[in-house]
Every structure is written in C-alpha cells, then in structure tokens.
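Structure first, commentary second.
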Amino acid sequence: MAEDILVDVDNSEEGRSYWDQGDKISTSKIFNKMGIGRHSKKDSRLADGWIARKPSLYKVSSEKRSWQESRDSCLNMGADLIVVNDIEEQKFLLPYKNVWIGLSDTDNEGVWKWVDGTPLTIKYWAPGEPNNAGNEDCAEISSKAANPMKAWNDVPCYSSFQYICEDHF
Ligand code: BGC
Ligand code: CA
C-alpha cells in the first residue's frame, strides 16, 4: 500500500518474535499481525466465507433469489455475479448446481452479455441451450446436464436460485 512505511525489526531485547531481527516489514503487515487497523479486502472476504482462486474471490450464497436480486446482493457487497472467462473458471463451477451466473440476454433477446460487459466468447451451454423456452433470459448452471462442462441453461430471470458472486483480489 502506498502509505505504508517500511520499518526495521528490532526485537533484540524481546527474544522470540514473529519476525526475524533485521527484517524490513511494512506498517500494514504489523497492523494486520496485531489484529488492528486495515486488513486487506482479501483477508476480510476470507473471514466471511469467500473462496480464493486467483485472481478472484467467490462467495456462494446460501439463500436463493431471482437473478436481479442476486446481482444486487453481489453489488451490495462490492462484487458482481460470476463471469466465466476461461475453462479453469468453468471447472471451478463443477460442484455447483442451480446457481446463477452473471449472464443474461434481457436487453436484447438472443444477445447474451456478461454483467461486466465481457463479450461472450467461450460458452459452456448444455446441449440445446439456450432455448428461451417460455422467455428465459438469465443463465444458471443446470443440475440436469449430463456433461458438467456443458451445463449452462437459460431460465426465467424470476426463478429463485443460489448465486455466486465474484470479486477481484
Ligand atoms: C428448463 C428449460 C430447459 C429445459 C431443458 C426446463 O425444465 O426450464 O430452461 O431448457 O428444461 O430440458
Ligand atoms: Ca433453457
């Protein structure tokens, strides 16, 4: 952090210490170690049950909500619904079923958009999806997919599902 000051460790009279004599450490590290002051966002996210997977942190909700309410809940926490950028991130989703992801075509039927504006390039739709079966504009991870690496399904946005928020380190 920019306002950190580097300090020399002088524990010559204290015996055992967390840091070695002669180390240079930043003030934020000292405050974190003492449990006071500014913890990193990552530290407080981890304490709140977020999962770290570089370069992101994820929170799987326990409650179920509509797609928009889910998104609002993520935004309220300073995050957003998960954006699947690569195959590793899709693999991260393997254990989760019937969860919202940050993908919808509400604005323009058939034009799927990620919440952060990332163009939809890699896709892991289940076979035959998205089929807009009765106005389905929001994407979930289907529990019915035979191949979990082809599992996205469009459903009505008012459906109630758990959701995964993503934040960056
Ligand atoms: C879902 C649809 C889906 C279909 C696939 C339905 O229960 O609501 O979104 O396309 O199953 O079989
Ligand atoms: Ca569908």
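Simple scheme: letters A, B, ... for chains in structure tokens order, numbers from 1 for residues in each chain, numbers from 1 for ligands in the order shown.
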
*7 Å contact set for A:Phe169, only C-alpha atoms, chain neighbours under 6 positions out, as a VMD selection string*: chain A and resid 42 55 to 57

_A:Cys157 environment, 9 Å, only C-alpha atoms, sequence neighbours closer than 3 positions dropped, as a list in words_ = Ser66, Trp67, Gln68, Ser104, Thr106, Asn135, Glu136, Asp137, Cys138, Ala139, Asp154 and Ser160 of chain A

Selection file, C-alpha atoms, as a compact mmCIF listing (two decimals), in the first residue's frame:
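Here's the written file selection_36.txt:
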# COMPACT_ATOMS: atom_id res chain seq x y z
CA SER A 66 -34.15 -14.02 -8.53
CA TRP A 67 -31.31 -13.22 -10.94
CA GLN A 68 -31.61 -9.44 -10.44
CA SER A 104 -28.30 -12.64 -19.44
CA THR A 106 -32.65 -9.41 -21.11
CA ASN A 135 -38.97 -16.31 -22.06
CA GLU A 136 -35.73 -17.43 -20.43
CA ASP A 137 -33.26 -14.54 -20.25
CA CYS A 138 -30.92 -15.48 -17.41
CA ALA A 139 -28.29 -18.20 -17.18
CA ASP A 154 -31.30 -20.22 -19.70
CA SER A 160 -35.12 -18.49 -7.36

*Contacts of A:Glu129 at 8 Å or less, counting only C-alpha atoms, minus same-chain residues fewer than 4 places along, as a PyMOL selection string?*
chain A and resi 125+152-154

Writing out the chosen residues with N, CA and C atoms as a JSON list (two decimals), in the first residue's frame:
[["chain", "number", "residue", "atom", "x", "y", "z"],
["A", 125, "TRP", "N", -22.74, -23.94, -22.76],
["A", 125, "TRP", "CA", -24.17, -24.24, -22.74],
["A", 125, "TRP", "C", -24.40, -25.75, -22.77],
["A", 152, "TRP", "N", -24.53, -24.78, -18.90],
["A", 152, "TRP", "CA", -25.31, -23.55, -18.75],
["A", 152, "TRP", "C", -26.70, -23.75, -19.35],
["A", 153, "ASN", "N", -27.67, -23.15, -18.72],
["A", 153, "ASN", "CA", -29.04, -23.22, -19.21],
["A", 153, "ASN", "C", -29.71, -21.87, -18.96],
["A", 154, "ASP", "N", -30.52, -21.44, -19.93],
["A", 154, "ASP", "CA", -31.30, -20.22, -19.70],
["A", 154, "ASP", "C", -32.62, -20.58, -19.05]]

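Take the candidates A:Ile141, A:Pro148, A:His168, A:Pro130 and check each one against A:Val111 using only C-alpha atoms; the shortest distance goes to A:Pro130.
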
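Here the residues within stretch 52-141 of chain A that DSSP labels strand (DSSP E or B) on the basis of the backbone are Ala52, Arg53, Ser56, Leu57, Tyr58, Lys59, Val60, Arg65, Asp80, Leu81, Val99, Trp100, Ile101, Gly102, Leu103, Ser104, Lys113, Trp114, Pro119, Trp125, Cys138, Ala139, Glu140 and Ile141 of chain A.
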
Selection above as a file: C-alpha atoms, as a short mmCIF file (atom, residue, chain, number, x, y, z; two decimals), in the first residue's frame:
data_model
loop_
_atom_site.label_atom_id
_atom_site.label_comp_id
_atom_site.auth_asym_id
_atom_site.auth_seq_id
_atom_site.Cartn_x
_atom_site.Cartn_y
_atom_site.Cartn_z
CA ALA A 52 -9.91 -17.53 -3.08
CA ARG A 53 -8.94 -18.66 -6.56
CA SER A 56 -10.71 -13.78 -7.95
CA LEU A 57 -12.63 -14.35 -4.77
CA TYR A 58 -16.01 -16.08 -4.86
CA LYS A 59 -18.94 -16.21 -2.50
CA VAL A 60 -21.58 -18.89 -2.93
CA ARG A 65 -33.06 -15.15 -5.06
CA ASP A 80 -20.89 -8.88 -9.01
CA LEU A 81 -22.21 -12.19 -10.31
CA VAL A 99 -26.70 -21.33 -9.30
CA TRP A 100 -26.95 -18.06 -11.20
CA ILE A 101 -24.02 -16.84 -13.27
CA GLY A 102 -23.62 -13.26 -14.49
CA LEU A 103 -25.01 -13.86 -17.97
CA SER A 104 -28.30 -12.64 -19.44
CA LYS A 113 -23.99 -10.40 -22.18
CA TRP A 114 -21.80 -10.81 -19.14
CA PRO A 119 -18.16 -10.37 -24.79
CA TRP A 125 -24.17 -24.24 -22.74
CA CYS A 138 -30.92 -15.48 -17.41
CA ALA A 139 -28.29 -18.20 -17.18
CA GLU A 140 -27.88 -20.83 -14.46
CA ILE A 141 -25.76 -23.93 -14.01
#

DSSP alpha helix (DSSP H) selection over stretch 59-163 of chain A, as a PDB file with N, CA and C atoms, in the first residue's frame:
ATOM      1  N   TRP A  67     -32.623 -13.594 -10.375  1.00  0.00           N
ATOM      2  CA  TRP A  67     -31.311 -13.219 -10.940  1.00  0.00           C
ATOM      3  C   TRP A  67     -30.958 -11.785 -10.557  1.00  0.00           C
ATOM      4  N   GLN A  68     -31.921 -10.847 -10.716  1.00  0.00           N
ATOM      5  CA  GLN A  68     -31.615  -9.436 -10.436  1.00  0.00           C
ATOM      6  C   GLN A  68     -31.341  -9.213  -8.950  1.00  0.00           C
ATOM      7  N   GLU A  69     -32.137  -9.847  -8.095  1.00  0.00           N
ATOM      8  CA  GLU A  69     -31.890  -9.698  -6.653  1.00  0.00           C
ATOM      9  C   GLU A  69     -30.544 -10.308  -6.267  1.00  0.00           C
ATOM     10  N   SER A  70     -30.190 -11.381  -6.948  1.00  0.00           N
ATOM     11  CA  SER A  70     -28.878 -11.999  -6.698  1.00  0.00           C
ATOM     12  C   SER A  70     -27.775 -11.028  -7.089  1.00  0.00           C
ATOM     13  N   ARG A  71     -27.942 -10.443  -8.277  1.00  0.00           N
ATOM     14  CA  ARG A  71     -26.932  -9.493  -8.745  1.00  0.00           C
ATOM     15  C   ARG A  71     -26.830  -8.314  -7.772  1.00  0.00           C
ATOM     16  N   ASP A  72     -27.978  -7.782  -7.349  1.00  0.00           N
ATOM     17  CA  ASP A  72     -27.973  -6.648  -6.413  1.00  0.00           C
ATOM     18  C   ASP A  72     -27.259  -7.019  -5.117  1.00  0.00           C
ATOM     19  N   SER A  73     -27.465  -8.259  -4.675  1.00  0.00           N
ATOM     20  CA  SER A  73     -26.810  -8.709  -3.440  1.00  0.00           C
ATOM     21  C   SER A  73     -25.294  -8.710  -3.615  1.00  0.00           C
ATOM     22  N   CYS A  74     -24.825  -9.194  -4.770  1.00  0.00           N
ATOM     23  CA  CYS A  74     -23.377  -9.169  -5.033  1.00  0.00           C
ATOM     24  C   CYS A  74     -22.876  -7.725  -5.103  1.00  0.00           C
ATOM     25  N   LEU A  75     -23.623  -6.862  -5.815  1.00  0.00           N
ATOM     26  CA  LEU A  75     -23.205  -5.459  -5.961  1.00  0.00           C
ATOM     27  C   LEU A  75     -23.131  -4.781  -4.599  1.00  0.00           C
ATOM     28  N   ASN A  76     -24.089  -5.096  -3.733  1.00  0.00           N
ATOM     29  CA  ASN A  76     -24.085  -4.513  -2.381  1.00  0.00           C
ATOM     30  C   ASN A  76     -22.850  -4.896  -1.588  1.00  0.00           C
ATOM     31  N   ILE A  87     -11.662 -21.790 -19.162  1.00  0.00           N
ATOM     32  CA  ILE A  87     -12.043 -23.167 -18.818  1.00  0.00           C
ATOM     33  C   ILE A  87     -11.776 -23.463 -17.339  1.00  0.00           C
ATOM     34  N   GLU A  88     -10.732 -22.839 -16.777  1.00  0.00           N
ATOM     35  CA  GLU A  88     -10.436 -23.064 -15.359  1.00  0.00           C
ATOM     36  C   GLU A  88     -11.573 -22.551 -14.480  1.00  0.00           C
ATOM     37  N   GLU A  89     -12.145 -21.436 -14.896  1.00  0.00           N
ATOM     38  CA  GLU A  89     -13.241 -20.874 -14.104  1.00  0.00           C
ATOM     39  C   GLU A  89     -14.501 -21.745 -14.255  1.00  0.00           C
ATOM     40  N   GLN A  90     -14.701 -22.300 -15.438  1.00  0.00           N
ATOM     41  CA  GLN A  90     -15.813 -23.246 -15.619  1.00  0.00           C
ATOM     42  C   GLN A  90     -15.598 -24.488 -14.737  1.00  0.00           C
ATOM     43  N   LYS A  91     -14.345 -24.949 -14.646  1.00  0.00           N
ATOM     44  CA  LYS A  91     -14.052 -26.103 -13.778  1.00  0.00           C
ATOM     45  C   LYS A  91     -14.342 -25.772 -12.319  1.00  0.00           C
ATOM     46  N   PHE A  92     -14.050 -24.533 -11.949  1.00  0.00           N
ATOM     47  CA  PHE A  92     -14.348 -24.101 -10.574  1.00  0.00           C
ATOM     48  C   PHE A  92     -15.844 -24.280 -10.255  1.00  0.00           C
TER      49      PHE A  92
END
